[in-house]
$ cat protein_38.cif   # mmCIF, all heavy atoms
data_my_file
loop_
_atom_site.label_atom_id
_atom_site.label_comp_id
_atom_site.auth_asym_id
_atom_site.auth_seq_id
_atom_site.Cartn_x
_atom_site.Cartn_y
_atom_site.Cartn_z
N GLY A 19 162.31 97.58 -29.24
CA GLY A 19 163.42 98.52 -29.13
C GLY A 19 164.58 98.15 -30.03
O GLY A 19 165.13 97.06 -29.92
N GLY A 20 164.91 99.07 -30.93
CA GLY A 20 166.05 98.84 -31.82
C GLY A 20 167.35 99.20 -31.14
O GLY A 20 167.36 99.65 -30.00
N PRO A 21 168.42 98.97 -31.84
CA PRO A 21 169.73 99.29 -31.26
C PRO A 21 169.90 100.80 -31.10
O PRO A 21 169.60 101.57 -32.01
CB PRO A 21 170.74 98.72 -32.28
CG PRO A 21 169.97 98.65 -33.56
CD PRO A 21 168.54 98.40 -33.18
N ARG A 22 170.36 101.19 -29.93
CA ARG A 22 170.57 102.61 -29.67
C ARG A 22 171.87 103.08 -30.33
O ARG A 22 172.87 102.37 -30.28
CB ARG A 22 170.65 102.86 -28.16
CG ARG A 22 169.27 102.92 -27.52
CD ARG A 22 169.40 103.28 -26.07
NE ARG A 22 169.96 102.16 -25.31
CZ ARG A 22 170.38 102.25 -24.05
NH1 ARG A 22 170.34 103.38 -23.42
NH2 ARG A 22 170.86 101.19 -23.44
N SER A 23 171.82 104.25 -30.93
CA SER A 23 173.02 104.79 -31.54
C SER A 23 173.89 105.43 -30.46
O SER A 23 173.50 106.40 -29.83
CB SER A 23 172.67 105.84 -32.60
OG SER A 23 171.94 106.90 -32.02
N VAL A 24 175.04 104.82 -30.23
CA VAL A 24 175.94 105.30 -29.19
C VAL A 24 177.16 105.92 -29.85
O VAL A 24 177.81 105.30 -30.68
CB VAL A 24 176.38 104.14 -28.26
CG1 VAL A 24 177.37 104.64 -27.23
CG2 VAL A 24 175.17 103.53 -27.58
N ARG A 25 177.43 107.17 -29.48
CA ARG A 25 178.62 107.82 -30.01
C ARG A 25 179.84 107.32 -29.26
O ARG A 25 179.89 107.40 -28.04
CB ARG A 25 178.52 109.34 -29.81
CG ARG A 25 177.63 110.02 -30.81
CD ARG A 25 177.66 111.51 -30.57
NE ARG A 25 176.73 112.19 -31.45
CZ ARG A 25 176.32 113.44 -31.26
NH1 ARG A 25 176.72 114.12 -30.21
NH2 ARG A 25 175.48 114.01 -32.10
N PRO A 26 180.81 106.77 -29.97
CA PRO A 26 182.01 106.27 -29.28
C PRO A 26 182.88 107.43 -28.81
O PRO A 26 183.46 108.15 -29.60
CB PRO A 26 182.71 105.45 -30.36
CG PRO A 26 182.22 106.00 -31.66
CD PRO A 26 180.86 106.56 -31.41
N VAL A 27 182.92 107.63 -27.50
CA VAL A 27 183.71 108.71 -26.94
C VAL A 27 185.09 108.20 -26.60
O VAL A 27 185.26 107.13 -26.03
CB VAL A 27 183.02 109.27 -25.67
CG1 VAL A 27 183.87 110.36 -25.03
CG2 VAL A 27 181.65 109.83 -26.02
N CYS A 28 186.09 108.98 -27.00
CA CYS A 28 187.46 108.57 -26.78
C CYS A 28 187.79 108.60 -25.29
O CYS A 28 187.23 109.37 -24.54
CB CYS A 28 188.40 109.50 -27.54
SG CYS A 28 190.07 108.86 -27.63
N TRP A 29 188.76 107.78 -24.90
CA TRP A 29 189.09 107.65 -23.49
C TRP A 29 189.89 108.85 -23.00
O TRP A 29 189.98 109.11 -21.82
CB TRP A 29 189.86 106.37 -23.23
CG TRP A 29 191.07 106.20 -24.09
CD1 TRP A 29 191.08 105.70 -25.36
CD2 TRP A 29 192.41 106.51 -23.77
NE1 TRP A 29 192.36 105.70 -25.86
CE2 TRP A 29 193.20 106.18 -24.90
CE3 TRP A 29 193.05 107.03 -22.65
CZ2 TRP A 29 194.59 106.37 -24.95
CZ3 TRP A 29 194.43 107.22 -22.70
CH2 TRP A 29 195.17 106.89 -23.83
N LYS A 30 190.51 109.59 -23.92
CA LYS A 30 191.23 110.80 -23.50
C LYS A 30 190.33 112.00 -23.63
O LYS A 30 189.37 112.00 -24.39
CB LYS A 30 192.47 111.00 -24.38
CG LYS A 30 193.64 110.14 -23.95
CD LYS A 30 194.91 110.62 -24.61
CE LYS A 30 196.06 109.73 -24.23
NZ LYS A 30 197.30 110.11 -24.89
N ARG A 31 190.67 113.05 -22.88
CA ARG A 31 189.90 114.27 -22.96
C ARG A 31 190.02 114.88 -24.35
O ARG A 31 191.05 114.79 -24.99
CB ARG A 31 190.41 115.29 -21.94
CG ARG A 31 189.89 115.05 -20.54
CD ARG A 31 189.86 116.35 -19.75
NE ARG A 31 191.01 117.19 -19.99
CZ ARG A 31 192.19 117.04 -19.41
NH1 ARG A 31 192.38 116.04 -18.56
NH2 ARG A 31 193.18 117.86 -19.67
N ALA A 32 188.94 115.51 -24.79
CA ALA A 32 188.91 116.07 -26.13
C ALA A 32 189.95 117.18 -26.31
O ALA A 32 190.48 117.38 -27.38
CB ALA A 32 187.52 116.63 -26.43
N GLY A 33 190.22 117.90 -25.23
CA GLY A 33 191.14 119.02 -25.34
C GLY A 33 192.60 118.62 -25.48
O GLY A 33 193.42 119.42 -25.90
N GLY A 34 192.91 117.38 -25.13
CA GLY A 34 194.28 116.94 -25.19
C GLY A 34 195.00 117.15 -23.87
O GLY A 34 194.46 117.74 -22.93
N THR A 35 196.24 116.68 -23.80
CA THR A 35 197.02 116.83 -22.59
C THR A 35 198.07 117.91 -22.81
O THR A 35 198.55 118.11 -23.93
CB THR A 35 197.70 115.51 -22.21
OG1 THR A 35 198.45 115.03 -23.34
CG2 THR A 35 196.69 114.46 -21.83
N LYS A 36 198.42 118.59 -21.73
CA LYS A 36 199.40 119.67 -21.84
C LYS A 36 200.75 119.10 -22.26
O LYS A 36 201.22 118.10 -21.73
CB LYS A 36 199.52 120.38 -20.48
CG LYS A 36 200.31 121.66 -20.56
CD LYS A 36 200.34 122.33 -19.19
CE LYS A 36 201.04 123.67 -19.27
NZ LYS A 36 202.47 123.52 -19.62
N CYS A 37 201.37 119.77 -23.23
CA CYS A 37 202.67 119.31 -23.71
C CYS A 37 203.72 119.56 -22.64
O CYS A 37 203.87 120.69 -22.16
CB CYS A 37 203.03 120.06 -25.00
SG CYS A 37 204.58 119.49 -25.74
N VAL A 38 204.45 118.51 -22.25
CA VAL A 38 205.44 118.63 -21.19
C VAL A 38 206.81 119.05 -21.74
O VAL A 38 207.72 119.34 -20.98
CB VAL A 38 205.58 117.30 -20.41
CG1 VAL A 38 204.29 116.97 -19.69
CG2 VAL A 38 205.99 116.17 -21.34
N PHE A 39 206.93 119.10 -23.06
CA PHE A 39 208.22 119.44 -23.67
C PHE A 39 208.39 120.93 -23.87
O PHE A 39 209.47 121.39 -24.25
CB PHE A 39 208.36 118.73 -25.02
CG PHE A 39 208.36 117.23 -24.90
CD1 PHE A 39 207.19 116.52 -25.11
CD2 PHE A 39 209.51 116.54 -24.56
CE1 PHE A 39 207.17 115.13 -25.00
CE2 PHE A 39 209.50 115.16 -24.44
CZ PHE A 39 208.33 114.47 -24.65
N CYS A 40 207.33 121.71 -23.65
CA CYS A 40 207.41 123.13 -23.92
C CYS A 40 206.57 123.90 -22.92
O CYS A 40 205.86 123.33 -22.12
CB CYS A 40 206.95 123.45 -25.34
SG CYS A 40 205.19 123.15 -25.58
N ASN A 41 206.63 125.22 -23.01
CA ASN A 41 205.81 126.09 -22.20
C ASN A 41 204.89 126.88 -23.12
O ASN A 41 205.34 127.83 -23.77
CB ASN A 41 206.70 127.03 -21.36
CG ASN A 41 205.87 127.89 -20.42
OD1 ASN A 41 204.74 127.55 -20.08
ND2 ASN A 41 206.42 129.01 -20.01
N ASP A 42 203.64 126.45 -23.20
CA ASP A 42 202.64 127.11 -24.04
C ASP A 42 203.05 127.18 -25.50
O ASP A 42 202.88 128.20 -26.18
CB ASP A 42 202.35 128.52 -23.49
CG ASP A 42 200.99 129.03 -23.96
OD1 ASP A 42 200.09 128.20 -24.13
OD2 ASP A 42 200.85 130.24 -24.15
N GLY A 43 203.64 126.08 -25.99
CA GLY A 43 203.98 126.00 -27.41
C GLY A 43 205.37 126.50 -27.76
O GLY A 43 205.81 126.35 -28.90
N LYS A 44 206.08 127.10 -26.79
CA LYS A 44 207.42 127.61 -27.06
C LYS A 44 208.43 126.86 -26.22
O LYS A 44 208.22 126.62 -25.03
CB LYS A 44 207.49 129.12 -26.71
CG LYS A 44 206.46 129.96 -27.45
CD LYS A 44 206.94 130.30 -28.85
CE LYS A 44 206.06 131.36 -29.50
NZ LYS A 44 204.73 130.83 -29.86
N MET A 45 209.54 126.48 -26.84
CA MET A 45 210.58 125.79 -26.11
C MET A 45 211.90 126.52 -26.28
O MET A 45 212.18 127.09 -27.33
CB MET A 45 210.69 124.32 -26.55
CG MET A 45 211.14 124.10 -27.97
SD MET A 45 210.93 122.40 -28.54
CE MET A 45 211.72 121.46 -27.25
N LYS A 46 212.69 126.52 -25.20
CA LYS A 46 213.98 127.22 -25.24
C LYS A 46 214.98 126.44 -26.07
O LYS A 46 215.10 125.22 -25.95
CB LYS A 46 214.51 127.40 -23.82
CG LYS A 46 213.73 128.42 -23.01
CD LYS A 46 214.40 128.67 -21.67
CE LYS A 46 213.64 129.74 -20.89
NZ LYS A 46 212.41 129.19 -20.28
N ALA A 47 215.69 127.15 -26.92
CA ALA A 47 216.73 126.54 -27.73
C ALA A 47 218.01 127.37 -27.60
O ALA A 47 218.02 128.40 -26.93
CB ALA A 47 216.28 126.46 -29.20
N ASP A 48 219.07 126.91 -28.26
CA ASP A 48 220.35 127.61 -28.17
C ASP A 48 220.25 129.03 -28.74
O ASP A 48 220.91 129.94 -28.26
CB ASP A 48 221.43 126.83 -28.94
CG ASP A 48 221.65 125.45 -28.32
OD1 ASP A 48 221.45 125.33 -27.09
OD2 ASP A 48 222.00 124.52 -29.04
N ASN A 49 219.43 129.20 -29.76
CA ASN A 49 219.33 130.50 -30.41
C ASN A 49 218.10 131.28 -29.94
O ASN A 49 217.61 132.15 -30.66
CB ASN A 49 219.30 130.33 -31.94
CG ASN A 49 218.16 129.42 -32.39
OD1 ASN A 49 217.52 128.79 -31.57
ND2 ASN A 49 217.92 129.36 -33.68
N GLY A 50 217.60 130.98 -28.76
CA GLY A 50 216.45 131.71 -28.23
C GLY A 50 215.28 130.80 -27.97
O GLY A 50 215.43 129.69 -27.49
N VAL A 51 214.08 131.27 -28.33
CA VAL A 51 212.85 130.51 -28.11
C VAL A 51 212.27 130.12 -29.46
O VAL A 51 212.11 130.96 -30.34
CB VAL A 51 211.82 131.33 -27.30
CG1 VAL A 51 210.54 130.53 -27.09
CG2 VAL A 51 212.41 131.73 -25.95
N VAL A 52 212.00 128.84 -29.64
CA VAL A 52 211.48 128.35 -30.91
C VAL A 52 210.16 127.64 -30.68
O VAL A 52 209.79 127.32 -29.55
CB VAL A 52 212.47 127.38 -31.60
CG1 VAL A 52 213.73 128.13 -32.02
CG2 VAL A 52 212.80 126.21 -30.70
N GLU A 53 209.45 127.38 -31.75
CA GLU A 53 208.19 126.65 -31.68
C GLU A 53 208.46 125.20 -31.31
O GLU A 53 209.39 124.59 -31.82
CB GLU A 53 207.48 126.72 -33.04
CG GLU A 53 206.08 126.17 -33.02
CD GLU A 53 205.46 126.19 -34.41
OE1 GLU A 53 205.78 125.27 -35.20
OE2 GLU A 53 204.69 127.10 -34.71
N CYS A 54 207.65 124.67 -30.42
CA CYS A 54 207.83 123.29 -29.98
C CYS A 54 207.60 122.33 -31.15
O CYS A 54 206.61 122.41 -31.86
CB CYS A 54 206.85 122.98 -28.85
SG CYS A 54 207.01 121.30 -28.21
N ARG A 55 208.55 121.41 -31.33
CA ARG A 55 208.43 120.44 -32.42
C ARG A 55 207.49 119.30 -32.07
O ARG A 55 206.96 118.64 -32.95
CB ARG A 55 209.80 119.87 -32.78
CG ARG A 55 210.71 120.88 -33.47
CD ARG A 55 211.95 120.22 -34.00
NE ARG A 55 212.78 119.65 -32.94
CZ ARG A 55 213.75 120.31 -32.32
NH1 ARG A 55 214.01 121.55 -32.63
NH2 ARG A 55 214.45 119.72 -31.37
N VAL A 56 207.30 119.06 -30.77
CA VAL A 56 206.47 117.93 -30.36
C VAL A 56 205.00 118.22 -30.60
O VAL A 56 204.28 117.43 -31.20
CB VAL A 56 206.73 117.59 -28.87
CG1 VAL A 56 205.87 116.42 -28.43
CG2 VAL A 56 208.21 117.28 -28.65
N CYS A 57 204.55 119.42 -30.16
CA CYS A 57 203.13 119.76 -30.32
C CYS A 57 202.91 120.79 -31.43
O CYS A 57 201.80 121.25 -31.63
CB CYS A 57 202.58 120.31 -29.00
SG CYS A 57 203.31 121.88 -28.52
N ARG A 58 203.99 121.14 -32.14
CA ARG A 58 203.94 122.11 -33.23
C ARG A 58 203.40 123.46 -32.78
O ARG A 58 202.59 124.08 -33.47
CB ARG A 58 203.12 121.58 -34.41
CG ARG A 58 203.75 120.36 -35.08
CD ARG A 58 202.97 119.92 -36.30
NE ARG A 58 203.38 118.61 -36.76
CZ ARG A 58 202.86 117.47 -36.38
NH1 ARG A 58 201.90 117.48 -35.47
NH2 ARG A 58 203.27 116.34 -36.87
N GLY A 59 203.80 123.87 -31.59
CA GLY A 59 203.44 125.19 -31.10
C GLY A 59 202.04 125.30 -30.52
O GLY A 59 201.60 126.38 -30.16
N ALA A 60 201.36 124.15 -30.41
CA ALA A 60 199.98 124.20 -29.92
C ALA A 60 199.92 124.28 -28.39
O ALA A 60 198.95 124.77 -27.84
CB ALA A 60 199.20 122.97 -30.41
N GLY A 61 200.96 123.78 -27.72
CA GLY A 61 200.94 123.74 -26.27
C GLY A 61 200.19 122.55 -25.72
O GLY A 61 200.20 122.30 -24.52
N LEU A 62 199.52 121.81 -26.60
CA LEU A 62 198.77 120.62 -26.21
C LEU A 62 199.14 119.47 -27.13
O LEU A 62 199.42 119.68 -28.31
CB LEU A 62 197.26 120.86 -26.33
CG LEU A 62 196.60 121.81 -25.33
CD1 LEU A 62 195.18 122.08 -25.77
CD2 LEU A 62 196.61 121.23 -23.94
N ILE A 63 199.14 118.28 -26.58
CA ILE A 63 199.30 117.08 -27.40
C ILE A 63 197.93 116.42 -27.51
O ILE A 63 197.36 115.96 -26.53
CB ILE A 63 200.32 116.11 -26.78
CG1 ILE A 63 201.71 116.77 -26.74
CG2 ILE A 63 200.37 114.81 -27.58
CD1 ILE A 63 202.76 115.92 -26.05
N LEU A 64 197.40 116.43 -28.72
CA LEU A 64 196.07 115.86 -28.93
C LEU A 64 196.16 114.34 -29.01
O LEU A 64 197.17 113.80 -29.43
CB LEU A 64 195.46 116.41 -30.22
CG LEU A 64 195.23 117.91 -30.24
CD1 LEU A 64 194.72 118.35 -31.61
CD2 LEU A 64 194.25 118.35 -29.17
N CYS A 65 195.09 113.70 -28.61
CA CYS A 65 195.03 112.25 -28.69
C CYS A 65 195.11 111.80 -30.15
O CYS A 65 194.37 112.29 -31.00
CB CYS A 65 193.71 111.79 -28.06
SG CYS A 65 193.42 110.02 -28.20
N LYS A 66 196.03 110.89 -30.44
CA LYS A 66 196.19 110.43 -31.83
C LYS A 66 194.97 109.66 -32.32
O LYS A 66 194.66 109.64 -33.50
CB LYS A 66 197.43 109.55 -31.94
CG LYS A 66 198.73 110.33 -31.88
CD LYS A 66 199.91 109.43 -32.17
CE LYS A 66 201.21 110.22 -32.10
NZ LYS A 66 201.58 110.48 -30.69
N LYS A 67 194.27 109.04 -31.38
CA LYS A 67 193.13 108.21 -31.75
C LYS A 67 191.96 109.05 -32.26
O LYS A 67 191.29 108.68 -33.22
CB LYS A 67 192.68 107.41 -30.52
CG LYS A 67 191.78 106.24 -30.83
CD LYS A 67 191.54 105.44 -29.55
CE LYS A 67 190.63 104.27 -29.80
NZ LYS A 67 190.30 103.59 -28.52
N CYS A 68 191.75 110.23 -31.61
CA CYS A 68 190.60 111.03 -31.98
C CYS A 68 190.99 112.40 -32.55
O CYS A 68 190.14 113.18 -32.91
CB CYS A 68 189.70 111.24 -30.77
SG CYS A 68 190.47 112.27 -29.48
N SER A 69 192.31 112.68 -32.60
CA SER A 69 192.82 113.96 -33.11
C SER A 69 192.20 115.15 -32.37
O SER A 69 191.96 116.20 -32.98
CB SER A 69 192.56 114.07 -34.62
OG SER A 69 193.18 113.02 -35.29
N GLY A 70 191.91 114.97 -31.09
CA GLY A 70 191.40 116.05 -30.29
C GLY A 70 189.91 116.27 -30.36
O GLY A 70 189.38 117.16 -29.70
N SER A 71 189.21 115.46 -31.14
CA SER A 71 187.77 115.66 -31.27
C SER A 71 187.02 115.07 -30.07
O SER A 71 185.91 115.48 -29.78
CB SER A 71 187.25 115.02 -32.55
OG SER A 71 187.34 113.61 -32.48
N GLY A 72 187.62 114.11 -29.38
CA GLY A 72 186.98 113.47 -28.25
C GLY A 72 186.21 112.22 -28.63
O GLY A 72 185.73 111.50 -27.79
N TYR A 73 186.11 111.98 -29.93
CA TYR A 73 185.41 110.78 -30.41
C TYR A 73 186.40 109.84 -31.08
O TYR A 73 187.20 110.27 -31.90
CB TYR A 73 184.29 111.16 -31.39
CG TYR A 73 183.23 111.99 -30.74
CD1 TYR A 73 183.19 113.37 -30.91
CD2 TYR A 73 182.23 111.40 -29.95
CE1 TYR A 73 182.20 114.14 -30.30
CE2 TYR A 73 181.25 112.16 -29.34
CZ TYR A 73 181.25 113.52 -29.53
OH TYR A 73 180.28 114.28 -28.92
N SER A 74 186.35 108.58 -30.73
CA SER A 74 187.30 107.63 -31.28
C SER A 74 187.02 107.29 -32.74
O SER A 74 187.87 106.81 -33.46
CB SER A 74 187.31 106.34 -30.45
OG SER A 74 186.01 105.81 -30.37
N LYS A 75 185.78 107.57 -33.18
CA LYS A 75 185.45 107.39 -34.59
C LYS A 75 184.92 108.71 -35.13
O LYS A 75 184.25 109.45 -34.42
CB LYS A 75 184.38 106.31 -34.78
CG LYS A 75 184.88 104.92 -34.52
CD LYS A 75 183.84 103.89 -34.98
CE LYS A 75 184.29 102.49 -34.60
NZ LYS A 75 183.36 101.78 -33.74
N ARG A 76 185.22 109.01 -36.38
CA ARG A 76 184.75 110.26 -36.96
C ARG A 76 183.25 110.22 -37.15
O ARG A 76 182.68 109.25 -37.62
CB ARG A 76 185.43 110.48 -38.32
CG ARG A 76 186.81 111.05 -38.13
CD ARG A 76 187.24 111.80 -39.36
NE ARG A 76 188.64 112.22 -39.21
CZ ARG A 76 189.50 112.31 -40.21
NH1 ARG A 76 189.13 112.01 -41.43
NH2 ARG A 76 190.72 112.70 -40.01
N LEU A 77 182.63 111.35 -36.79
CA LEU A 77 181.17 111.42 -36.91
C LEU A 77 180.78 111.80 -38.33
O LEU A 77 181.47 112.57 -38.96
CB LEU A 77 180.62 112.47 -35.94
CG LEU A 77 180.93 112.21 -34.45
CD1 LEU A 77 180.45 113.35 -33.60
CD2 LEU A 77 180.25 110.93 -34.00
#
$ encode --input "protein_38.cif" --output "C-alpha cells"
Amino acid sequence: GGPRSVRPVCWKRAGGTKCVFCNDGKMKADNGVVECRVCRGAGLILCKKCSGSGYSKRL
C-alpha cells in the first residue's frame, strides 16, 4: 500500500463566516448605505488560509 492522497481540508467552512460588520454586504454610513469595506460587499468573510475554497492548499 502506497501513501494515500489526502486532500488537506481547511478548518474553516468553505463558505466563510457571516460578516458581522454589515448586513448582507451593506453597511450604514453618514451618507446612507455603502458597500462594506471589511468583506467588500460580499456579506461573508472568507477564510484567508483557503480563500473560501475549503482547502488549505490549492488543488
$ resolve_selection --input "protein_38.cif" --expression "the PyMOL selection byres ((chain A and resi 62) around 4.5)" --output "compact mmCIF listing (two decimals) with all heavy atoms, in the frame of the given file"
# COMPACT_ATOMS: atom_id res chain seq x y z
N GLY A 33 190.22 117.90 -25.23
CA GLY A 33 191.14 119.02 -25.34
C GLY A 33 192.60 118.62 -25.48
O GLY A 33 193.42 119.42 -25.90
N GLY A 34 192.91 117.38 -25.13
CA GLY A 34 194.28 116.94 -25.19
C GLY A 34 195.00 117.15 -23.87
O GLY A 34 194.46 117.74 -22.93
N THR A 35 196.24 116.68 -23.80
CA THR A 35 197.02 116.83 -22.59
C THR A 35 198.07 117.91 -22.81
O THR A 35 198.55 118.11 -23.93
CB THR A 35 197.70 115.51 -22.21
OG1 THR A 35 198.45 115.03 -23.34
CG2 THR A 35 196.69 114.46 -21.83
N LYS A 36 198.42 118.59 -21.73
CA LYS A 36 199.40 119.67 -21.84
C LYS A 36 200.75 119.10 -22.26
O LYS A 36 201.22 118.10 -21.73
CB LYS A 36 199.52 120.38 -20.48
CG LYS A 36 200.31 121.66 -20.56
CD LYS A 36 200.34 122.33 -19.19
CE LYS A 36 201.04 123.67 -19.27
NZ LYS A 36 202.47 123.52 -19.62
N CYS A 37 201.37 119.77 -23.23
CA CYS A 37 202.67 119.31 -23.71
C CYS A 37 203.72 119.56 -22.64
O CYS A 37 203.87 120.69 -22.16
CB CYS A 37 203.03 120.06 -25.00
SG CYS A 37 204.58 119.49 -25.74
N CYS A 57 204.55 119.42 -30.16
CA CYS A 57 203.13 119.76 -30.32
C CYS A 57 202.91 120.79 -31.43
O CYS A 57 201.80 121.25 -31.63
CB CYS A 57 202.58 120.31 -29.00
SG CYS A 57 203.31 121.88 -28.52
N ALA A 60 201.36 124.15 -30.41
CA ALA A 60 199.98 124.20 -29.92
C ALA A 60 199.92 124.28 -28.39
O ALA A 60 198.95 124.77 -27.84
CB ALA A 60 199.20 122.97 -30.41
N GLY A 61 200.96 123.78 -27.72
CA GLY A 61 200.94 123.74 -26.27
C GLY A 61 200.19 122.55 -25.72
O GLY A 61 200.20 122.30 -24.52
N ILE A 63 199.14 118.28 -26.58
CA ILE A 63 199.30 117.08 -27.40
C ILE A 63 197.93 116.42 -27.51
O ILE A 63 197.36 115.96 -26.53
CB ILE A 63 200.32 116.11 -26.78
CG1 ILE A 63 201.71 116.77 -26.74
CG2 ILE A 63 200.37 114.81 -27.58
CD1 ILE A 63 202.76 115.92 -26.05
N LEU A 64 197.40 116.43 -28.72
CA LEU A 64 196.07 115.86 -28.93
C LEU A 64 196.16 114.34 -29.01
O LEU A 64 197.17 113.80 -29.43
CB LEU A 64 195.46 116.41 -30.22
CG LEU A 64 195.23 117.91 -30.24
CD1 LEU A 64 194.72 118.35 -31.61
CD2 LEU A 64 194.25 118.35 -29.17
$ atom_distance --input "protein_38.cif" --atom1 "atom NH1 of A:Arg55" --atom2 "atom C of A:Ser69"
22.7 Å
$ resolve_selection --input "protein_38.cif" --expression "the PyMOL selection byres ((chain A and resi 39) around 5)" --output "list of chain:residue names"
A:Cys37, A:Val38, A:Cys40, A:Asn41, A:Met45, A:Cys54, A:Val56, A:Ile63
$ atom_distance --input "protein_38.cif" --atom1 "atom CA of A:Ser71" --atom2 "atom CA of A:Cys28"
8.4 Å
$ atom_distance --input "protein_38.cif" --atom1 "atom OD1 of A:Asp42" --atom2 "atom O of A:Gly59"
6.5 Å
$ select_by_dssp --input "protein_38.cif" --residues "stretch 45-75 of chain A" --states "strand (DSSP E or B)" --output "PyMOL selection string"
chain A and resi 45-47+50-53+62-63+73
